[in-house]
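Asks: Can you read through this structure? Questions will come right after.
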Amino acid sequence: MKVKKLEIDNLITERLLLIPYTIDICKNILNNDYKDLENLNLKRGKSWPDADVLDTLPRIIINLNKVESPTGFESWMIIKKETLEIIGDLGFKGFNYKEENIDLGYGIIIEERRKGYAVESVKKIIEWAFSNEIIKEITANCLTENSSSINLLNKFNFEQVRTENDTIYWNLINPNYKNKH
């Protein structure tokens, strides 16, 4: 089974645009080159890209190199519609064919936290992911002291699977999943 190319360019919520990263965008950001983003009329949020984004971009490139073009099961930029500022990212680490799942991650720059943007973007990406019948579940993990992530995952009815060291592992079953076996 092969994951299809992304059939939509972005996802839209009340206040946000979610636009998939491309390999070129990631590489250029790492080289401090923002022409791709400027060509899309996007602006950088106050502290974007922060250290977390810069640390994540090489992994996003690795995941994007596994597919011909973005499938949606990689990472997306979170953009405020009103100002076209990039304020974070969210997405997945690619489609896990063996487990038929995707692992969720997200981050919002410090200046834009506690405004509901993570909830709004995670809600939309879960809706989009679960519209795909090949996804059995979404997994996630967070540190035991990360109360914001724990609250967010609880809000979407993720279940705690286990805790190892300082990390809680979660999953959320797709009600639309069609077992292919």
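Please note that chains go A, B, ... in the order of the structure tokens, that every chain numbers its residues from 1, and that ligands are numbered from 1 in the order shown.
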Determine, for each residue of range 107-140 of chain A having at least one atom at most 7 Å from an atom of range 164-180 of chain A, the closest pair of atoms and their separation in Å to one decimal, counting only C-alpha atoms; order by chain and ascending number, as CSV.
Replies:
```
residue,atom,partner,partner_atom,distance
A:Phe130,CA,A:Asn174,CA,5.7
A:Ser131,CA,A:Asn176,CA,7.0
A:Glu133,CA,A:Tyr177,CA,4.5
A:Ile134,CA,A:Tyr177,CA,6.0
A:Ile135,CA,A:Tyr177,CA,6.0
A:Lys136,CA,A:Tyr177,CA,5.3
A:Glu137,CA,A:Ile173,CA,4.4
A:Ile138,CA,A:Leu172,CA,5.2
A:Thr139,CA,A:Asn171,CA,4.2
A:Ala140,CA,A:Trp170,CA,5.1
```
Asks: Pick out the residues sitting within 9 Å of Ile12 in chain A, and hand them over as number ranges by chain; count only C-alpha atoms, and ignore anything fewer than 6 positions along from it in its own chain.
Replies: A: 18-19, 81, 121, 124
Asks: Neighbours of range 51-56 of chain A within 12 Å (only C-alpha atoms; same-chain residues fewer than 6 positions away dropped), as a VMD selection string?
Replies: chain A and resid 21 26 to 32 62 to 63 74 to 78 86 to 93 105 to 110
Asks: Looking at only C-alpha atoms, which of A:Glu14, A:Phe156, A:Arg59, A:Thr144 is the one that sits closest to Glu127 in chain A?
Replies: A:Phe156
Asks: Which residue gives the smallest distance to Glu85 in chain A among A:Leu37, A:Leu16, A:Leu153, A:Leu42, with only C-alpha atoms counted?
Replies: A:Leu42
Asks: Could you give me the residues within range 9-176 of chain A that DSSP places in strand (DSSP E), as an MDAnalysis selection string?
Replies: chainID A and resid 11:12 16:20 43:44 75:80 85:92 101:108 137:143 159:164 167:173
Asks: Could you write out the selected residues, including N, CA and C atoms, as a short mmCIF file (atom, residue, chain, number, x, y, z; two decimals), in the first residue's frame?
Replies:
```
data_model
loop_
_atom_site.label_atom_id
_atom_site.label_comp_id
_atom_site.auth_asym_id
_atom_site.auth_seq_id
_atom_site.Cartn_x
_atom_site.Cartn_y
_atom_site.Cartn_z
N LEU A 11 -4.90 23.27 4.78
CA LEU A 11 -6.11 23.12 5.58
C LEU A 11 -6.42 24.48 6.19
N ILE A 12 -7.70 24.76 6.36
CA ILE A 12 -8.11 26.07 6.84
C ILE A 12 -9.02 25.89 8.06
N LEU A 16 -6.68 29.96 11.27
CA LEU A 16 -5.38 29.44 10.84
C LEU A 16 -5.39 28.85 9.44
N LEU A 17 -4.21 28.87 8.83
CA LEU A 17 -3.92 28.11 7.62
C LEU A 17 -2.87 27.08 8.00
N LEU A 18 -3.01 25.87 7.53
CA LEU A 18 -2.01 24.83 7.71
C LEU A 18 -1.48 24.50 6.32
N ILE A 19 -0.19 24.75 6.12
CA ILE A 19 0.44 24.54 4.81
C ILE A 19 1.57 23.52 4.97
N PRO A 20 1.59 22.48 4.13
CA PRO A 20 2.64 21.46 4.27
C PRO A 20 4.03 22.03 3.97
N LYS A 43 4.91 35.53 6.53
CA LYS A 43 5.84 36.26 7.38
C LYS A 43 6.25 35.36 8.54
N ARG A 44 7.40 35.65 9.10
CA ARG A 44 7.85 34.89 10.27
C ARG A 44 7.25 35.51 11.53
N SER A 75 4.92 17.12 8.01
CA SER A 75 4.71 18.29 8.86
C SER A 75 4.11 19.47 8.10
N TRP A 76 3.38 20.28 8.85
CA TRP A 76 2.67 21.44 8.32
C TRP A 76 3.07 22.69 9.10
N MET A 77 3.13 23.83 8.42
CA MET A 77 3.34 25.12 9.10
C MET A 77 1.98 25.61 9.59
N ILE A 78 1.97 26.21 10.79
CA ILE A 78 0.76 26.82 11.34
C ILE A 78 0.87 28.33 11.11
N ILE A 79 -0.11 28.89 10.40
CA ILE A 79 -0.05 30.30 9.99
C ILE A 79 -1.33 31.01 10.43
N LYS A 80 -1.17 32.17 11.04
CA LYS A 80 -2.35 32.97 11.39
C LYS A 80 -2.90 33.58 10.09
N GLU A 85 1.38 35.25 9.49
CA GLU A 85 2.59 34.94 10.26
C GLU A 85 2.64 33.46 10.58
N ILE A 86 3.82 32.86 10.40
CA ILE A 86 4.03 31.47 10.79
C ILE A 86 4.27 31.47 12.30
N ILE A 87 3.45 30.71 13.03
CA ILE A 87 3.55 30.72 14.49
C ILE A 87 3.89 29.35 15.06
N GLY A 88 4.07 28.36 14.21
CA GLY A 88 4.42 27.03 14.71
C GLY A 88 4.29 25.99 13.63
N ASP A 89 4.30 24.75 14.08
CA ASP A 89 4.12 23.65 13.14
C ASP A 89 3.47 22.48 13.85
N LEU A 90 2.92 21.60 13.06
CA LEU A 90 2.39 20.36 13.58
C LEU A 90 2.39 19.35 12.47
N GLY A 91 2.15 18.13 12.84
CA GLY A 91 2.07 17.10 11.83
C GLY A 91 2.52 15.78 12.35
N PHE A 92 2.99 14.98 11.41
CA PHE A 92 3.29 13.58 11.69
C PHE A 92 4.70 13.24 11.21
N ASN A 101 -0.36 3.62 11.43
CA ASN A 101 -0.63 4.78 12.28
C ASN A 101 0.30 5.93 11.92
N ILE A 102 0.03 7.05 12.57
CA ILE A 102 0.84 8.26 12.41
C ILE A 102 1.07 8.82 13.80
N ASP A 103 2.23 9.44 13.99
CA ASP A 103 2.62 9.97 15.30
C ASP A 103 2.56 11.49 15.26
N LEU A 104 1.73 12.07 16.11
CA LEU A 104 1.46 13.50 16.13
C LEU A 104 2.50 14.28 16.93
N GLY A 105 2.88 15.43 16.41
CA GLY A 105 3.72 16.37 17.13
C GLY A 105 3.29 17.78 16.78
N TYR A 106 3.53 18.72 17.67
CA TYR A 106 3.12 20.10 17.41
C TYR A 106 3.91 21.04 18.29
N GLY A 107 4.00 22.28 17.86
CA GLY A 107 4.69 23.30 18.64
C GLY A 107 4.26 24.68 18.19
N ILE A 108 4.08 25.57 19.14
CA ILE A 108 3.68 26.95 18.89
C ILE A 108 4.76 27.84 19.51
N GLU A 137 -4.76 4.57 13.84
CA GLU A 137 -4.68 5.37 15.06
C GLU A 137 -3.66 6.48 14.89
N ILE A 138 -3.81 7.48 15.75
CA ILE A 138 -2.80 8.53 15.88
C ILE A 138 -2.14 8.30 17.23
N THR A 139 -0.83 8.30 17.25
CA THR A 139 -0.09 8.19 18.49
C THR A 139 0.54 9.54 18.81
N ALA A 140 0.93 9.71 20.06
CA ALA A 140 1.59 10.95 20.48
C ALA A 140 2.37 10.63 21.75
N ASN A 141 3.29 11.52 22.09
CA ASN A 141 3.97 11.39 23.38
C ASN A 141 4.33 12.78 23.88
N CYS A 142 4.44 12.88 25.19
CA CYS A 142 4.85 14.15 25.79
C CYS A 142 5.50 13.85 27.14
N LEU A 143 6.22 14.82 27.63
CA LEU A 143 6.86 14.68 28.93
C LEU A 143 5.80 14.73 30.04
N GLU A 159 -5.88 8.34 24.69
CA GLU A 159 -5.76 7.50 25.87
C GLU A 159 -4.28 7.29 26.18
N GLN A 160 -3.96 7.35 27.47
CA GLN A 160 -2.59 7.06 27.88
C GLN A 160 -2.35 5.57 27.74
N VAL A 161 -1.33 5.21 26.97
CA VAL A 161 -0.99 3.81 26.74
C VAL A 161 -0.01 3.32 27.79
N ARG A 162 1.01 4.15 28.05
CA ARG A 162 2.02 3.78 29.05
C ARG A 162 2.86 5.01 29.38
N THR A 163 3.59 4.89 30.47
CA THR A 163 4.56 5.92 30.85
C THR A 163 5.90 5.24 31.04
N GLU A 164 6.90 5.77 30.37
CA GLU A 164 8.27 5.25 30.51
C GLU A 164 9.18 6.43 30.82
N THR A 167 8.24 10.13 30.02
CA THR A 167 7.42 10.30 28.82
C THR A 167 6.12 9.50 28.93
N ILE A 168 5.02 10.18 28.57
CA ILE A 168 3.71 9.52 28.49
C ILE A 168 3.43 9.24 27.01
N TYR A 169 3.02 8.03 26.71
CA TYR A 169 2.68 7.62 25.34
C TYR A 169 1.16 7.50 25.24
N TRP A 170 0.63 8.01 24.13
CA TRP A 170 -0.82 8.13 23.94
C TRP A 170 -1.24 7.51 22.61
N ASN A 171 -2.54 7.21 22.49
CA ASN A 171 -3.09 6.88 21.18
C ASN A 171 -4.55 7.30 21.10
N LEU A 172 -5.00 7.46 19.86
CA LEU A 172 -6.39 7.81 19.56
C LEU A 172 -6.80 6.96 18.36
N ILE A 173 -7.83 6.15 18.54
CA ILE A 173 -8.28 5.23 17.50
C ILE A 173 -9.16 5.97 16.49
#
```
Asks: One number please: CA of Ile150 in chain A to CA of Glu111 in chain A, in Å, one decimal.
Replies: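 We find that CA of Ile150 in chain A and CA of Glu111 in chain A lie 20.1 Å from each other.
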Asks: For the helix (DSSP H, G or I) assignment from backbone DSSP, which residues of range 19-139 of chain A qualify? Please present them as JSON, numbers by chain.
Replies: {"A": [23, 24, 25, 26, 27, 28, 29, 30, 35, 36, 37, 38, 39, 51, 52, 53, 54, 55, 56, 57, 58, 59, 60, 61, 62, 63, 64, 65, 110, 111, 112, 117, 118, 119, 120, 121, 122, 123, 124, 125, 126, 127, 128, 129, 130]}
Asks: Using only C-alpha atoms, pick whichever of A:Tyr117, A:Phe73, A:Tyr34, A:Trp128 has the shortest atom-to-atom distance to Gly94 in chain A.
Replies: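 Once distances to Gly94 in chain A are computed over only C-alpha atoms, the minimum belongs to A:Phe73.
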Asks: If you measure from CA of Gly116 in chain A to CA of Asp9 in chain A, what distance in Å do you get, rounded to one decimal?
Replies: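 Taking CA of Gly116 in chain A as the start and CA of Asp9 in chain A as the end point, the length is 23.2 Å.
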Asks: Counting only C-alpha atoms, which of A:Leu152, A:Ala129, A:Ile61, A:Ile23 gets nearest to Arg114 in chain A?
Replies: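 For Arg114 in chain A, the nearest of the candidates is A:Leu152.
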Asks: Return the single residue from A:Ile125, A:Ile60, A:Arg113, A:Lys46 that is closest to Ser149 in chain A, with distances computed using only C-alpha atoms.
Replies: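 Under the stated criterion, the closest residue is A:Arg113.
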Asks: Between A:Glu120, A:Asn154, A:Arg15, A:Thr22, which has the minimum distance to Ser69 in chain A (counting only C-alpha atoms)?
Replies: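 Answer, going by the shortest atom-to-atom distance: A:Thr22.
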Asks: How far is it from CA of Leu64 in chain A to CA of Tyr97 in chain A, in Å with one decimal?
Replies: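 Pair CA of Leu64 in chain A / CA of Tyr97 in chain A returns 15.3 Å.
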Asks: Tell me which protein, DNA and RNA residues are within 10 Å of Leu40 in chain A, counting only C-alpha atoms, leaving out same-chain ones fewer than 4 positions away, and put them as a ChimeraX atom specification.
Replies: /A:35-36,84
Asks: Write the residues of the selection above to a file with C-alpha atoms, as a PDB file, in the first residue's frame.
Replies:
```pdb
ATOM      1  CA  LYS A  35      12.451  33.551  -0.159  1.00  0.00           C
ATOM      2  CA  ASP A  36      10.107  30.537  -0.511  1.00  0.00           C
ATOM      3  CA  LEU A  84       0.012  35.405   7.476  1.00  0.00           C
TER       4      LEU A  84
END
```
